[in-house]
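A.B. asks: So that we are looking at the same thing, I have put the structure below in structure tokens.
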Amino acid sequence: MEPLAADIVACPDCDLLQRVPPLPDGGTARCPRCGRTLAHGRPGASDRMLALAVAALVVFLLANAEPLMRLSTAGQEVSTTVLGGAREMWRQGERTAALLVALFAVVAPFVYISAMLAVLLATRRPPAPRWVGVLLRWAEVSGLWSMVEVMMLGLLVALVKIARLASVAPRVGLFAVGALAFLLAAMSAGFDPREAWSRVRWADEGGGAGEALR
Amino acid sequence: MRGGAPTAARAGVVPCGTCGLLSRPAGAVGPWTCPRCGDRIASRRERPFQDAWAYIVAAAICYLPANTLPVMTTRTIKYEEPSTIIGGVVYFYESGSWFLALIILVASVIIPLGKLASLAYLLATTQRRSTAYNRERARLYRLLKVIGRWSMLDVFVVAFVVALIQFQPFMSVVPGTGVLFFAAVVILTIFAADSFDPRLIWDAD
């Protein structure tokens, strides 16, 4: 059995061993067997990602601090924030659903943005310390459960639904949620966790866990 | 193909699911850990079919109350009107917003049902070690992982309508238990897709 070279990867979706060539800017490498995207070519992505993450943090704070919309009818005025939706559900007895809304709309995006910021800053000068690996795992899990873009569409549907009953005025928070959805999408599309892992200090420097192919 | 495609499993190396590193495990039997990131590694997921089937069955069971129980109830001085998810679709359609009706129908009915059916199809064909439509099945799996989250749409709609329509005593909206079951369906199908190992599609190749 001939040894495997360092630039050989196994496709995560079909296990095919293959060599990923150096990619031009904007180029994409796909697995020839199953079609899964394996790598993107984008030099200088790290600075771009950092800019996106900082912007996302600012917009996240804005989206959660500012009211999303205000409506008035029969002399009463009501406005809500992102957490206000969850709080009202909690108050009305649907506590589990309220916690899930808070988790998907606020907690997961916040963990994702914070973990990504820390990872991007810490991997600028490799080898990054071991805790970066923990944060990379956090970013992966929280990214899966962060649903800002779904919440954005839900907000718009709710807006139309309510517009029949009262006059609705969108507020700063609504635009911030829209911007956040785009920033998060750009972050998850542009980030390469495999590349980040290659900058993290190894867990097993003695080689007792097995032999890495380098 | 004689001998099969050159995969990591056939070459005796194990890719790490977390960091992607290929390594040759130290001992003949697992469990092994990745030398780079320290996570547990295995050539294939353990119990991929049992876990995924369990999540699918649980999601299918929750789908029933999710659609029959009200997701919210509108209270006014004169009446109290519970509405289900399908009721919301009908409401938008009848009031002329066919586009919104379509969005909710796709997110709340077509995506969860399609996801359950597609996952069941993927599991069944993979368990039979079918080699037909491998590329298409691989593409279907990737699609399922992306679209599943959109089913949460109605849960968010309910949350914001409930937060805003609080004009006691004239009109208020309270959430219903349907929301909880609906969220459960979405979460369970995400877990189901996550516990399946797409590499098994190709192992019979």
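Lettering and numbering for the structure tokens are positional, with chains as A, B, ... in the shown order, residues counted from 1 in each chain, and ligands counted from 1 in the shown order.
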If you run DSSP over the backbone, which residues in stretch 56-116 of chain B end up strand (DSSP E)? Put them as a list in words.
C.D. replies: Met72, Thr73, Thr74, Arg75, Thr76, Glu80, Glu81, Pro82 and Ser83 of chain B
A.B. asks: Please provide as a PyMOL selection string all residues within 6 Å of B:Val71, with the sequence filter that same-chain residues fewer than 5 positions apart are discarded (counting only C-alpha atoms).
C.D. replies: chain B and resi 84+175-176+178-179
A.B. asks: Keeping only C-alpha atoms, take the residues you just selected and write them out as an mmCIF file, in the first residue's frame.
C.D. replies:
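Dumped everything to selection.cif:
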```cif
data_model
loop_
_atom_site.group_PDB
_atom_site.id
_atom_site.type_symbol
_atom_site.label_atom_id
_atom_site.label_comp_id
_atom_site.auth_asym_id
_atom_site.auth_seq_id
_atom_site.Cartn_x
_atom_site.Cartn_y
_atom_site.Cartn_z
ATOM 1 C CA THR B 84 -54.142 25.410 12.969
ATOM 2 C CA PRO B 175 -50.082 30.455 21.489
ATOM 3 C CA GLY B 176 -51.334 26.863 21.253
ATOM 4 C CA GLY B 178 -49.484 22.829 18.206
ATOM 5 C CA VAL B 179 -46.448 25.127 18.134
#
```
A.B. asks: Go ahead and compute the interatomic distance for atom CA of B:Lys115 and atom CA of B:Ile86, in Å to one decimal.
C.D. replies: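 Spanning atom CA of B:Lys115 to atom CA of B:Ile86 is a straight-line distance of 18.1 Å.
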A.B. asks: Please compute the atom CA of B:Phe160-atom CA of A:Phe182 distance, one decimal, in Å.
C.D. replies: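 Going from atom CA of B:Phe160 over to atom CA of A:Phe182, I get 20.7 Å.
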A.B. asks: Write out as a ChimeraX atom specification every residue belonging to chain B that has an atom at most 7 Å from any atom of chain A, counting only C-alpha atoms.
C.D. replies: /B:5-8,15,19-20,22-26,32-38,135,138,150,152-154,156-157,159-164,174-175,179-180,198-199,202
